[in-house]
Amino acid sequence: MLNRSTLDSIVPTQHKGRKAKVQIPANCYSAACKLYEYLKISLADVDNWSEFKPGISFFPRLMNRNGQLLRRIAKPGDLIKILLPRWQAAGRLYDWREITRIEERLSGNTEIFFITIVPAMNPELEVPEASHFLRPESTVTFFVIRDEHKLQLEVHTRNEGLNFQLSGFKTRLQSVMMGVFIAGGFYESQWTKLLKSILKYGMIQMKAPG
(Lines give C-alpha, C1' and ligand atoms only; values in the text may rest on other atoms or scores of the structure.)
Protein backbone atom coordinates (compact mmCIF):
# COMPACT_ATOMS: atom_id res chain seq x y z
CA MET A 1 0.00 0.00 0.00
CA LEU A 2 1.24 3.48 -0.88
CA ASN A 3 2.72 5.38 2.04
CA ARG A 4 1.83 9.04 1.47
CA SER A 5 4.79 10.15 3.56
CA THR A 6 7.05 8.86 0.77
CA LEU A 7 5.50 11.35 -1.65
CA ASP A 8 5.54 14.10 0.97
CA SER A 9 9.31 13.64 1.30
CA ILE A 10 9.74 14.18 -2.46
CA VAL A 11 7.51 17.24 -2.95
CA PRO A 12 9.15 20.53 -1.82
CA THR A 13 7.81 22.09 1.37
CA GLN A 14 5.08 24.67 0.91
CA HIS A 15 6.07 28.12 2.23
CA LYS A 16 4.21 30.78 0.26
CA GLY A 17 2.00 31.12 -2.81
CA ARG A 18 -0.30 28.75 -4.64
CA LYS A 19 -0.44 25.08 -3.63
CA ALA A 20 -2.32 22.41 -5.57
CA LYS A 21 -2.56 18.64 -5.92
CA VAL A 22 -4.39 16.62 -8.58
CA GLN A 23 -4.87 12.84 -8.41
CA ILE A 24 -5.88 10.73 -11.42
CA PRO A 25 -6.57 7.04 -10.63
CA ALA A 26 -6.37 4.38 -13.35
CA ASN A 27 -8.32 1.12 -13.50
CA CYS A 28 -5.97 -1.26 -15.28
CA TYR A 29 -5.25 -4.12 -12.92
CA SER A 30 -4.24 -6.82 -15.40
CA ALA A 31 -1.59 -4.71 -17.17
CA ALA A 32 -0.52 -2.33 -14.40
CA CYS A 33 3.22 -3.01 -14.80
CA LYS A 34 3.18 -2.52 -18.55
CA LEU A 35 1.06 0.63 -18.34
CA TYR A 36 3.35 2.04 -15.64
CA GLU A 37 6.32 1.71 -17.99
CA TYR A 38 4.41 3.40 -20.82
CA LEU A 39 3.29 6.30 -18.60
CA LYS A 40 6.72 7.10 -17.18
CA ILE A 41 8.35 7.07 -20.63
CA SER A 42 5.58 9.28 -22.03
CA LEU A 43 5.97 11.74 -19.16
CA ALA A 44 9.73 11.97 -19.75
CA ASP A 45 9.22 12.45 -23.51
CA VAL A 46 8.68 16.19 -23.10
CA ASP A 47 9.10 17.04 -26.78
CA ASN A 48 6.00 14.99 -27.58
CA TRP A 49 3.73 16.31 -24.82
CA SER A 50 1.72 18.34 -27.33
CA GLU A 51 0.95 15.17 -29.32
CA PHE A 52 -1.39 13.84 -26.63
CA LYS A 53 -4.87 15.00 -27.65
CA PRO A 54 -7.04 16.47 -26.31
CA GLY A 55 -4.45 17.90 -24.00
CA ILE A 56 -2.47 21.02 -23.26
CA SER A 57 -3.00 24.24 -25.19
CA PHE A 58 0.63 25.34 -25.07
CA PHE A 59 3.61 23.99 -26.98
CA PRO A 60 6.60 22.63 -25.00
CA ARG A 61 10.00 21.84 -26.50
CA LEU A 62 12.94 20.13 -24.80
CA MET A 63 16.07 22.32 -24.97
CA ASN A 64 19.63 22.29 -23.70
CA ARG A 65 21.24 25.13 -21.74
CA ASN A 66 22.35 26.77 -24.98
CA GLY A 67 18.76 26.99 -26.20
CA GLN A 68 19.18 24.18 -28.75
CA LEU A 69 16.37 21.72 -29.47
CA LEU A 70 16.80 18.19 -28.10
CA ARG A 71 15.23 15.10 -29.68
CA ARG A 72 15.42 12.60 -26.85
CA ILE A 73 14.00 11.62 -23.49
CA ALA A 74 14.43 14.34 -20.87
CA LYS A 75 17.25 14.35 -18.33
CA PRO A 76 17.91 16.45 -15.21
CA GLY A 77 19.40 19.77 -16.22
CA ASP A 78 17.44 20.00 -19.47
CA LEU A 79 15.18 22.97 -20.10
CA ILE A 80 11.58 23.09 -21.28
CA LYS A 81 10.64 26.00 -23.54
CA ILE A 82 6.90 26.55 -23.54
CA LEU A 83 5.25 28.77 -26.13
CA LEU A 84 2.11 30.08 -24.47
CA PRO A 85 -0.96 30.88 -26.59
CA ARG A 86 -0.79 34.39 -28.04
CA TRP A 87 -4.13 35.39 -26.54
CA GLN A 88 -2.63 35.01 -23.09
CA ALA A 89 0.24 37.44 -23.53
CA ALA A 90 1.11 40.97 -24.56
CA GLY A 91 3.08 39.72 -27.54
CA ARG A 92 4.66 36.27 -27.69
CA LEU A 93 5.51 34.88 -24.28
CA TYR A 94 7.73 31.90 -23.52
CA ASP A 95 7.81 30.06 -20.23
CA TRP A 96 11.15 28.41 -19.45
CA ARG A 97 11.41 25.59 -16.91
CA GLU A 98 14.36 23.51 -15.74
CA ILE A 99 14.05 19.80 -15.02
CA THR A 100 15.79 19.38 -11.67
CA ARG A 101 14.86 15.80 -10.83
CA ILE A 102 13.88 12.66 -12.70
CA GLU A 103 13.91 9.70 -10.36
CA GLU A 104 12.32 6.35 -9.68
CA ARG A 105 11.90 4.83 -6.24
CA LEU A 106 10.70 1.51 -4.90
CA SER A 107 8.87 1.49 -1.57
CA GLY A 108 7.69 -2.01 -0.69
CA ASN A 109 5.44 -3.08 -3.57
CA THR A 110 5.03 0.52 -4.74
CA GLU A 111 6.94 2.00 -7.68
CA ILE A 112 7.18 5.79 -7.88
CA PHE A 113 8.45 7.73 -10.89
CA PHE A 114 8.59 11.51 -10.66
CA ILE A 115 9.79 14.64 -12.47
CA THR A 116 10.25 18.05 -10.83
CA ILE A 117 10.47 21.30 -12.79
CA VAL A 118 11.25 24.85 -11.63
CA PRO A 119 11.29 28.28 -13.33
CA ALA A 120 14.43 28.88 -15.41
CA MET A 121 16.17 31.86 -16.97
CA ASN A 122 15.91 32.28 -20.71
CA PRO A 123 19.23 31.06 -22.21
CA GLU A 124 18.49 32.99 -25.40
CA LEU A 125 19.04 36.31 -23.62
CA GLU A 126 22.44 37.90 -24.21
CA VAL A 127 22.61 39.01 -20.58
CA PRO A 128 21.23 36.44 -18.09
CA GLU A 129 18.66 37.93 -15.74
CA ALA A 130 15.80 36.83 -13.54
CA SER A 131 13.32 36.99 -16.41
CA HIS A 132 10.78 34.38 -15.36
CA PHE A 133 7.36 35.59 -14.27
CA LEU A 134 7.22 32.95 -11.50
CA ARG A 135 9.24 33.04 -8.29
CA PRO A 136 12.36 30.81 -8.32
CA GLU A 137 10.95 28.63 -5.52
CA SER A 138 7.84 27.70 -7.56
CA THR A 139 7.85 23.96 -8.32
CA VAL A 140 5.75 21.38 -10.15
CA THR A 141 6.23 17.66 -9.49
CA PHE A 142 4.63 14.97 -11.68
CA PHE A 143 4.15 11.43 -10.36
CA VAL A 144 3.42 8.06 -11.90
CA ILE A 145 2.66 5.58 -9.11
CA ARG A 146 2.09 1.84 -9.30
CA ASP A 147 0.80 0.43 -6.03
CA GLU A 148 0.79 -3.31 -6.80
CA HIS A 149 -2.08 -3.56 -9.34
CA LYS A 150 -3.30 0.02 -8.99
CA LEU A 151 -2.02 3.03 -10.90
CA GLN A 152 -2.25 6.72 -10.11
CA LEU A 153 -0.92 9.92 -11.67
CA GLU A 154 -0.46 13.04 -9.60
CA VAL A 155 0.78 16.60 -10.04
CA HIS A 156 1.80 18.73 -7.08
CA THR A 157 2.31 22.50 -7.34
CA ARG A 158 4.17 24.25 -4.54
CA ASN A 159 5.02 27.89 -3.77
CA GLU A 160 3.62 29.15 -7.08
CA GLY A 161 3.62 32.93 -7.19
CA LEU A 162 4.68 35.88 -9.30
CA ASN A 163 8.22 37.20 -9.51
CA PHE A 164 8.02 40.90 -8.68
CA GLN A 165 11.73 41.54 -9.36
CA LEU A 166 11.20 41.89 -13.11
CA SER A 167 12.38 44.92 -15.09
CA GLY A 168 10.81 46.58 -18.12
CA PHE A 169 7.21 47.66 -18.65
CA LYS A 170 6.34 44.92 -21.19
CA THR A 171 7.82 42.19 -18.98
CA ARG A 172 5.89 43.44 -15.95
CA LEU A 173 2.70 43.63 -18.01
CA GLN A 174 3.16 40.04 -19.16
CA SER A 175 3.74 39.03 -15.55
CA VAL A 176 0.52 40.70 -14.41
CA MET A 177 -1.44 38.99 -17.19
CA MET A 178 0.06 35.60 -16.30
CA GLY A 179 -0.85 36.28 -12.68
CA VAL A 180 -4.52 36.36 -13.67
CA PHE A 181 -4.25 32.94 -15.34
CA ILE A 182 -2.22 31.46 -12.49
CA ALA A 183 -4.82 32.63 -9.96
CA GLY A 184 -7.48 31.03 -12.17
CA GLY A 185 -5.68 27.70 -12.09
CA PHE A 186 -4.41 27.83 -15.70
CA TYR A 187 -1.34 25.68 -15.14
CA GLU A 188 -3.12 23.31 -12.80
CA SER A 189 -5.70 22.71 -15.54
CA GLN A 190 -3.02 22.25 -18.20
CA TRP A 191 -0.96 19.76 -16.20
CA THR A 192 -4.12 17.79 -15.37
CA LYS A 193 -5.08 17.62 -19.07
CA LEU A 194 -1.58 16.42 -19.93
CA LEU A 195 -1.68 13.56 -17.42
CA LYS A 196 -5.21 12.54 -18.38
CA SER A 197 -4.28 12.47 -22.07
CA ILE A 198 -1.13 10.43 -21.44
CA LEU A 199 -3.21 7.99 -19.41
CA LYS A 200 -5.87 7.82 -22.15
CA TYR A 201 -3.27 6.96 -24.80
CA GLY A 202 -1.67 4.44 -22.47
CA MET A 203 -4.99 2.64 -21.89
CA ILE A 204 -5.54 2.50 -25.65
CA GLN A 205 -2.08 0.98 -26.11
CA MET A 206 -2.84 -1.69 -23.51
CA LYS A 207 -6.00 -2.69 -25.39
CA ALA A 208 -4.35 -2.78 -28.82
CA PRO A 209 -3.77 -6.29 -30.26
CA GLY A 210 -0.24 -7.66 -30.23
# chains A, B, ... in the order shown; residues from 1 in each chain; ligands from 1
>>> closest_atom_pairs(of="range 97-129 of chain A", to="range 144-165 of chain A", cutoff="10 Å", atoms="only C-alpha atoms", output="Markdown table")
| residue | atom | partner | partner_atom | distance |
| --- | --- | --- | --- | --- |
| A:Glu104 | CA | A:Val144 | CA | 9.3 |
| A:Arg105 | CA | A:Ile145 | CA | 9.7 |
| A:Leu106 | CA | A:Arg146 | CA | 9.7 |
| A:Ser107 | CA | A:Asp147 | CA | 9.3 |
| A:Gly108 | CA | A:Asp147 | CA | 9.1 |
| A:Asn109 | CA | A:Glu148 | CA | 5.7 |
| A:Thr110 | CA | A:Asp147 | CA | 4.4 |
| A:Glu111 | CA | A:Arg146 | CA | 5.1 |
| A:Ile112 | CA | A:Ile145 | CA | 4.7 |
| A:Phe113 | CA | A:Val144 | CA | 5.1 |
| A:Phe114 | CA | A:Val144 | CA | 6.3 |
| A:Ile115 | CA | A:Val144 | CA | 9.2 |
| A:Thr116 | CA | A:His156 | CA | 9.3 |
| A:Ile117 | CA | A:Thr157 | CA | 9.9 |
| A:Val118 | CA | A:Glu160 | CA | 9.9 |
| A:Pro119 | CA | A:Glu160 | CA | 9.9 |
>>> residues_around(residues="Lys53 in chain A", least_positions_apart="4", cutoff="9 Å", atoms="only C-alpha atoms", output="list in words")
Lys193, Leu194, Ser197, Ile198 and Tyr201 of chain A
>>> atom_distance(atom1="CA of Pro123 in chain A", atom2="CA of Asp95 in chain A")
11.6 Å
>>> closest_residue(among="A:Gln23, A:Ala74, A:Gln68, A:Arg97", to="Thr192 in chain A", atoms="only C-alpha atoms")
A:Gln23
>>> select_by_dssp(residues="range 47-154 of chain A", states="strand (DSSP E or B)", output="ChimeraX atom specification")
/A:59-63,69,79-83,94-107,110-119,134,139-147,150-154
>>> residues_around(residues="Tyr38 in chain A", least_positions_apart="5", cutoff="10 Å", atoms="only C-alpha atoms", output="PyMOL selection string")
chain A and resi 32-33+43+198-199+201-203+205-206
>>> closest_residue(among="A:Ser57, A:Thr100, A:Thr141, A:Asn64", to="Ser189 in chain A", atoms="only C-alpha atoms")
A:Ser57
>>> select_by_dssp(residues="range 34-144 of chain A", states="helix (DSSP H, G or I)", output="MDAnalysis selection string")
chainID A and resid 34:44 46:51 86:88
>>> closest_residue(among="A:Lys21, A:Leu39, A:Glu137, A:Arg65", to="Gly185 in chain A", atoms="only C-alpha atoms")
A:Lys21
